[in-house]
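A short write-up of the structure that comes next.
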Amino acid sequence: MAILAVENLTKHFGGLTAVFELSFSIERGEILGLIGPNGAGKTTVFNLITGVFPPSRGQVRFANEDITGWKPYEINKRGIARIFQSTRHFPNFTVLDNLITGRHCRTRAGLWSSLFKTRLDRQERRDNADRSAEILEFLDLASYRDELAKNIPQAMQRRLDIGIALATEPDLLLLDEPAAGMNPEETYQLMEIIRKIRERKISVFLIEHDMQVIMDVCERILVLNYGKKIAEGEPEAIQNNSEVIEAYLGSEDFDLVRID
Amino acid sequence: MDSSTQKIWAWGGFGLFLVTLPLWLTDYPLHLINISGIWIILALSVGLLQGYVGEISMGHAAFYGIGAYASVLLTMKGGLPFWVSLPISALVTAAFGFLIGLVSLRLRGPYFAICTLGFGEIIRLIFVNWRDLSGGPDGITGIPAPTPIPLPFGGAFAFDTKMANYYLIYTLVLLTVLAMYRLIYSRTGKAFMALREDHLYAECIGINVMRYKKLAFLVSTFFAGIGGCLYAHYEHFISPYSFTTGQSFDLVIMVIVGGMGTIIGPILGAILLTLVPELLHAIKDYRMVIYGLMLMLVIIYLPHGLVGVWQGIRDRFTKSAEEAEG
Amino acid sequence: MLMQQLANGIVLGSTYGLMAIGLTILFGILNIINLAHGEIYMLGAFVAYFLVVLWEVDFFIALLAATIAMGVLGVVAEWLVFRPLRDKDEINYFIVSMGLLTFLQNLALLLWGTEPRSMALPQASETLRIGEIIITVQRLYTVVIAVGVIFGLHFFIKHSRMGKAMRAMEQDREAALTVGVGINEVSSFTFFLGSALAGAAGALMGSLFIVNPIMGFGPLLKAFVIVIFGGLGSVLGAIVGGLILGMTEVLGASYISSAYQDAFAFIILILILSFKPTGLFGKR
């Protein structure tokens, strides 16, 4: 059963067409990769799915519900979370506070509960503490719990981004170049994390330039060039696809690593 | 004794000080303290919006003006006791806040500020020109003090002394401070700060940014209404000249000089900017010129205001303590 | 009658336009919204007033002096007050300009009090007849000067080295800096120009009406209305908007009670901000 179904997705920015008639789907429990040269429109696809801006044409269906044109917070509440291409969270909050803020849409305490310290408020604070502790463990960030996010190492900040996204309890997680700037050791740990995320029954849509990560972790790969789908299939097939190779040869970031 | 026992003694001492203050102050200083209290509530209301949501309101004086005029109408024309008109005028102010927020909150930063400036001026002009409602530019005199509270053992607690008003005002100050603390350190407060830091990111992690901005504006204007109501029944006289853009600027300056993004900041700013010009008679005429200068200096050199200065001093002490030990 | 009102509207509109151009170039080139712009306008009027009344200087020289003096004040303000905030969030410029406004306006009140003063120029009462229109000589001078200034400005921006640098910064700040455009020079010059325009507008308006320390606030708000209507950063928008506002004000004065006339400008401002914040010709 497809958790995400995208149909004829198109986005124009003035005279520029960033994405053109893109159709694909992601199965429940799948890790789908999205690759393509720089400027191919990958992040635009993420922005369209998460409601940052509406598509010019086309439809996005999530768990069989039409979410096209929904606002980002509505889509997040529905079950899609994402990280951004560059590290993005709340640098002046502590790591813990970042995670608790992520819990926002899964809690209810409103103005009244906050002012009068109701049982709901107290219960939710306990739940937040538990859930956050659990995510900190999962991502091995526990030692940074009370540090300000801007003071922790870059690779850990990237993990924090993922942690915040997980705190929103998504069914589908969009990762935009999570491995950027990581050394081989950190990249390996990241791949483990992605697999563990899938084990929690969260589907993953992954943009990456690091081909090692893509080939190793993804079951299927979608290839974009100039906003259009040029290939879709299993890693082996994509690696040997002449169109894909040509698209990359024509661009700067020829990063295909031969996997032995 | 250990630090938590120390803290209890410190807070206890402070509390005792606050409670007994009016007993050993004469009328004039007590009056200043009372006025400061009202400004503390107003500064906190602006501080919530400015420091925790990140939007500068340049028209907030209009809101406490609405609170003031509403309460005056309810008590003087409607015959209601103060204790009923207080919450009602605060709610009326919040209602106006909601309506103005609907229009203004779609804008951000300087545009939001200019829009609130515009609304502030429009409301002031209404105060000046709608004589039936507001008594026009001459204002309204003879505003009654808060209705006396009947006491169980006979007689009543009247509010015709500065001392009685002190207790009223500072009880409300304490309630306001408590409400601010509860709000900031809650789920709602985190949503405010999240949207202040990064609008889009907050939306992407499930926070309905527009809803929280409206909520903050509602709470802020509610407390402005309370301040306005207190002001009217304490000074016994209001006029449109009490609610101009100048006063709106005063509040912004109090929050920034005291320290944006904190609760103690607006309190310090309000006290400083109310007491100091009164105490230093020589500079009284230069008050506004000094405010303008202070705002510029603080923004350029001390962006975290007085609170920042205090933090800086504390950090330096802890650093030298650590160095001494190490 | 209508022609007369239109003529008066053009007089008002041309000074509003000068003021609005000053405001808009500060935003377009430097991303600064300067709330103290109205106070510079006011100080320009005072400089001209003192020169004319106390030192019996010819008005045109006083106008020139006021323009240059305000330009210099702008440069000083940029250096002392705005430049230190360059690397911080843009809202800080806005807040600091609030402080500058408060400082300048209250300093003026302290020094010169609230009573209105008049330059009482002879040209202000001499009238001319052009067709059906009766216009005072001073008003005619005002329009001519304003138009002259605008043409001069256009020529300058189009052909001078500094003008090119300013346009480069306005279009793409990053690129301009990379090719070596001096940000300090452009900042100083933009402030000089913007403030000089405000000073000129103040001197001109002061010669037509009255001079007092609180005369800057209204025109500031009107300049905002014009700039937001015409589009932040657009000089053409500022000119067109200025003319439109000038004429609307004159025509509207007959139909709206004077009490709420000021409110009219605010209402327009709020409407524009709500529905089309980028204005007619705006870029952002």
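Letters for chains follow the order of the structure tokens (A, B, ...), residue numbers begin at 1 for each chain, and ligand numbers begin at 1 in the order shown.
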>> Would you mind listing, as JSON, numbers by chain, all residues of chain B that have at least one atom within 9 Å of chain C, where only C-alpha atoms are what counts?
In response: {"B": [56, 103, 104, 106, 107, 109, 110, 111, 112, 114, 115, 116, 117, 118, 119, 121, 122, 123, 125, 126, 128, 129, 246, 249, 252, 253, 285, 286, 287, 288, 289, 290, 291, 292, 293, 294, 295, 296, 297, 298, 299, 300, 301]}
>> Taking only C-alpha atoms into account, find every residue of chain A that has an atom no more than 6 Å from chain B, and write it out as number ranges by chain.
In response: A: 72-73, 76-77, 102, 105, 114-115
Take the residues from that selection and write them out as an mmCIF file, in the first residue's frame, keeping C-alpha atoms.
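New file again.cif:
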```cif
data_model
loop_
_atom_site.group_PDB
_atom_site.id
_atom_site.type_symbol
_atom_site.label_atom_id
_atom_site.label_comp_id
_atom_site.auth_asym_id
_atom_site.auth_seq_id
_atom_site.Cartn_x
_atom_site.Cartn_y
_atom_site.Cartn_z
ATOM 1 C CA PRO A 72 3.048 22.722 6.460
ATOM 2 C CA TYR A 73 1.805 22.303 10.017
ATOM 3 C CA ASN A 76 3.230 17.516 9.665
ATOM 4 C CA LYS A 77 0.340 16.712 11.929
ATOM 5 C CA GLY A 102 9.052 18.910 18.178
ATOM 6 C CA CYS A 105 1.689 18.666 17.475
ATOM 7 C CA SER A 114 -0.469 26.109 30.878
ATOM 8 C CA LEU A 115 -1.760 28.822 33.180
#
```
>> When you look at segment 23-33 of chain A with a cut-off of 7 Å (counting only C-alpha atoms), what residues show up, excluding the ones that are within fewer than 6 positions of it in the same chain? I need them as a ChimeraX atom specification.
In response: /A:1-9,198,201-207,214,218-222
Selected residues written out with C-alpha atoms, as an mmCIF file, in the first residue's frame:
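What landed in result_0.cif:
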```cif
data_model
loop_
_atom_site.group_PDB
_atom_site.id
_atom_site.type_symbol
_atom_site.label_atom_id
_atom_site.label_comp_id
_atom_site.auth_asym_id
_atom_site.auth_seq_id
_atom_site.Cartn_x
_atom_site.Cartn_y
_atom_site.Cartn_z
ATOM 1 C CA MET A 1 0.000 0.000 0.000
ATOM 2 C CA ALA A 2 1.455 3.304 -0.988
ATOM 3 C CA ILE A 3 1.893 5.742 1.815
ATOM 4 C CA LEU A 4 2.679 8.603 -0.545
ATOM 5 C CA ALA A 5 1.371 8.943 -4.092
ATOM 6 C CA VAL A 6 2.457 11.878 -6.219
ATOM 7 C CA GLU A 7 0.738 12.489 -9.528
ATOM 8 C CA ASN A 8 1.793 14.845 -12.325
ATOM 9 C CA LEU A 9 3.437 17.179 -9.851
ATOM 10 C CA ARG A 198 12.681 1.997 9.031
ATOM 11 C CA LYS A 201 7.774 1.323 10.647
ATOM 12 C CA ILE A 202 8.600 4.817 9.382
ATOM 13 C CA SER A 203 8.941 5.123 5.612
ATOM 14 C CA VAL A 204 11.871 7.168 4.390
ATOM 15 C CA PHE A 205 12.346 9.391 1.360
ATOM 16 C CA LEU A 206 16.012 10.214 1.046
ATOM 17 C CA ILE A 207 17.858 12.822 -1.011
ATOM 18 C CA ILE A 214 21.984 5.708 -1.488
ATOM 19 C CA CYS A 218 17.617 2.426 -0.476
ATOM 20 C CA GLU A 219 15.428 -0.300 -1.901
ATOM 21 C CA ARG A 220 14.441 1.799 -4.871
ATOM 22 C CA ILE A 221 15.825 4.969 -6.359
ATOM 23 C CA LEU A 222 14.171 7.793 -8.239
#
```
> What lies within 10 Å of Gly51 of chain A using only C-alpha atoms, ignoring chain neighbours under 4 positions off, as a list in words?
Replying inline: Val45, Phe46, Asn47, Pro55, Val60, Ile67, Thr68, Gly69, Trp70, Lys71, Pro72, Tyr73, Glu74, Ile75 and Asn76 of chain A; Glu203 and Cys204 of chain B
> What does the distance between atom CA of Gly22 of chain C and atom CA of Met58 of chain B come to in Å, to one decimal place?
Replying inline: 22.6 Å
>> Write out as a ChimeraX atom specification the set of residues from segment 87-231 of chain A that DSSP, computed on the backbone, places in alpha helix (DSSP H).
In response: /A:95-102,111-116,119-138,154-167,184-199,211-217
May I have the selected residues written with C-alpha atoms, as an mmCIF file, in the first residue's frame?
```
data_model
loop_
_atom_site.group_PDB
_atom_site.id
_atom_site.type_symbol
_atom_site.label_atom_id
_atom_site.label_comp_id
_atom_site.auth_asym_id
_atom_site.auth_seq_id
_atom_site.Cartn_x
_atom_site.Cartn_y
_atom_site.Cartn_z
ATOM 1 C CA VAL A 95 18.935 19.906 22.594
ATOM 2 C CA LEU A 96 16.203 18.762 24.950
ATOM 3 C CA ASP A 97 14.057 21.832 24.345
ATOM 4 C CA ASN A 98 14.422 21.325 20.623
ATOM 5 C CA LEU A 99 12.985 17.835 20.957
ATOM 6 C CA ILE A 100 10.199 18.949 23.264
ATOM 7 C CA THR A 101 9.253 21.644 20.768
ATOM 8 C CA GLY A 102 9.052 18.910 18.178
ATOM 9 C CA LEU A 111 -3.497 28.342 27.280
ATOM 10 C CA TRP A 112 -5.725 27.227 30.144
ATOM 11 C CA SER A 113 -3.690 24.127 30.914
ATOM 12 C CA SER A 114 -0.469 26.109 30.878
ATOM 13 C CA LEU A 115 -1.760 28.822 33.180
ATOM 14 C CA PHE A 116 -3.341 26.523 35.714
ATOM 15 C CA ARG A 119 -3.345 17.376 35.133
ATOM 16 C CA LEU A 120 -3.195 17.304 31.319
ATOM 17 C CA ASP A 121 -0.275 19.689 31.354
ATOM 18 C CA ARG A 122 1.601 17.699 33.951
ATOM 19 C CA GLN A 123 0.920 14.424 32.166
ATOM 20 C CA GLU A 124 2.153 15.792 28.881
ATOM 21 C CA ARG A 125 5.316 17.148 30.444
ATOM 22 C CA ARG A 126 6.052 13.657 31.714
ATOM 23 C CA ASP A 127 5.311 12.152 28.288
ATOM 24 C CA ASN A 128 7.539 14.743 26.630
ATOM 25 C CA ALA A 129 10.367 13.931 28.991
ATOM 26 C CA ASP A 130 10.004 10.195 28.349
ATOM 27 C CA ARG A 131 9.694 10.459 24.592
ATOM 28 C CA SER A 132 12.600 12.901 24.356
ATOM 29 C CA ALA A 133 14.820 10.686 26.484
ATOM 30 C CA GLU A 134 13.970 7.801 24.207
ATOM 31 C CA ILE A 135 14.905 9.754 21.079
ATOM 32 C CA LEU A 136 18.125 10.956 22.684
ATOM 33 C CA GLU A 137 19.043 7.333 23.369
ATOM 34 C CA PHE A 138 18.053 6.237 19.892
ATOM 35 C CA GLN A 154 27.939 19.656 13.361
ATOM 36 C CA ALA A 155 27.270 15.953 12.843
ATOM 37 C CA MET A 156 25.365 15.835 16.137
ATOM 38 C CA GLN A 157 23.351 18.871 15.056
ATOM 39 C CA ARG A 158 22.354 16.941 11.963
ATOM 40 C CA ARG A 159 21.213 14.102 14.202
ATOM 41 C CA LEU A 160 19.268 16.586 16.254
ATOM 42 C CA ASP A 161 17.419 17.652 13.122
ATOM 43 C CA ILE A 162 16.446 14.027 12.598
ATOM 44 C CA GLY A 163 15.504 13.721 16.266
ATOM 45 C CA ILE A 164 13.162 16.695 16.092
ATOM 46 C CA ALA A 165 11.541 15.245 13.007
ATOM 47 C CA LEU A 166 11.104 11.940 14.834
ATOM 48 C CA ALA A 167 9.591 13.724 17.806
ATOM 49 C CA PRO A 184 33.021 8.179 6.689
ATOM 50 C CA GLU A 185 32.593 7.163 10.332
ATOM 51 C CA GLU A 186 29.681 9.559 10.846
ATOM 52 C CA THR A 187 28.168 8.526 7.523
ATOM 53 C CA TYR A 188 28.226 4.898 8.536
ATOM 54 C CA GLN A 189 26.450 5.720 11.791
ATOM 55 C CA LEU A 190 23.894 7.705 9.842
ATOM 56 C CA MET A 191 23.132 4.748 7.612
ATOM 57 C CA GLU A 192 22.539 2.645 10.703
ATOM 58 C CA ILE A 193 20.178 5.266 12.038
ATOM 59 C CA ILE A 194 18.200 5.314 8.799
ATOM 60 C CA ARG A 195 17.815 1.546 8.925
ATOM 61 C CA LYS A 196 16.708 1.681 12.530
ATOM 62 C CA ILE A 197 14.163 4.317 11.609
ATOM 63 C CA ARG A 198 12.681 1.997 9.031
ATOM 64 C CA GLU A 199 12.517 -0.728 11.639
ATOM 65 C CA MET A 211 26.131 7.368 -3.559
ATOM 66 C CA GLN A 212 27.441 4.948 -0.967
ATOM 67 C CA VAL A 213 24.555 5.834 1.285
ATOM 68 C CA ILE A 214 21.984 5.708 -1.488
ATOM 69 C CA MET A 215 23.048 2.400 -2.927
ATOM 70 C CA ASP A 216 23.394 0.744 0.440
ATOM 71 C CA VAL A 217 20.285 1.926 2.179
#
```
> At what distance in Å, to one decimal, does atom CA of Phe62 of chain A lie from atom CA of Leu34 of chain A?
Replying inline: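 Going from atom CA of Leu34 of chain A over to atom CA of Phe62 of chain A covers 17.9 Å.
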>> Taking 5 positions as the minimum chain separation for residues in the same chain, which residues sit within 7 Å of His233 of chain B when counting only C-alpha atoms? Answer as a PyMOL selection string.
In response: chain B and resi 143-146
Those same residues, written as a compact mmCIF listing (two decimals), in the first residue's frame with N, CA and C atoms?
```txt
# COMPACT_ATOMS: atom_id res chain seq x y z
N ILE B 143 -12.83 60.01 38.03
CA ILE B 143 -12.97 58.55 37.93
C ILE B 143 -12.86 57.97 39.34
N PRO B 144 -13.83 57.13 39.74
CA PRO B 144 -13.83 56.64 41.12
C PRO B 144 -12.70 55.65 41.38
N ALA B 145 -12.29 55.58 42.62
CA ALA B 145 -11.32 54.57 43.02
C ALA B 145 -12.01 53.22 43.00
N PRO B 146 -11.25 52.13 43.04
CA PRO B 146 -11.89 50.82 43.05
C PRO B 146 -12.90 50.69 44.19
```
>> I'd like the contact shell of Ile267 of chain B - 10 Å cut-off, only C-alpha atoms, skipping same-chain residues fewer than 5 positions apart - returned as a list in words.
In response: Ser36, Gly37, Trp39, Ile40, Ile41, Leu42, Ala43, Leu44, Gly47, Val173, Val177, Met254, Val255, Gly258, Gly259, Thr262 and Leu272 of chain B
Residues of the last selection are to be written out with C-alpha atoms, as a PDB file, in the first residue's frame.
```
ATOM      1  CA  SER B  36       5.752  51.816  38.301  1.00  0.00           C
ATOM      2  CA  GLY B  37       3.571  48.841  39.092  1.00  0.00           C
ATOM      3  CA  TRP B  39       3.887  50.318  33.939  1.00  0.00           C
ATOM      4  CA  ILE B  40       5.335  46.928  34.874  1.00  0.00           C
ATOM      5  CA  ILE B  41       2.099  45.266  33.828  1.00  0.00           C
ATOM      6  CA  LEU B  42       2.039  47.246  30.577  1.00  0.00           C
ATOM      7  CA  ALA B  43       5.703  46.574  29.855  1.00  0.00           C
ATOM      8  CA  LEU B  44       5.187  42.856  30.469  1.00  0.00           C
ATOM      9  CA  GLY B  47       7.435  42.244  26.406  1.00  0.00           C
ATOM     10  CA  VAL B 173       1.605  42.683  39.180  1.00  0.00           C
ATOM     11  CA  VAL B 177       4.272  37.887  36.451  1.00  0.00           C
ATOM     12  CA  MET B 254      11.346  49.895  28.574  1.00  0.00           C
ATOM     13  CA  VAL B 255      11.388  46.372  27.200  1.00  0.00           C
ATOM     14  CA  GLY B 258      15.431  46.193  30.467  1.00  0.00           C
ATOM     15  CA  GLY B 259      16.179  43.213  28.306  1.00  0.00           C
ATOM     16  CA  THR B 262      13.090  37.873  29.515  1.00  0.00           C
ATOM     17  CA  LEU B 272      14.060  52.314  35.776  1.00  0.00           C
TER      18      LEU B 272
END
```
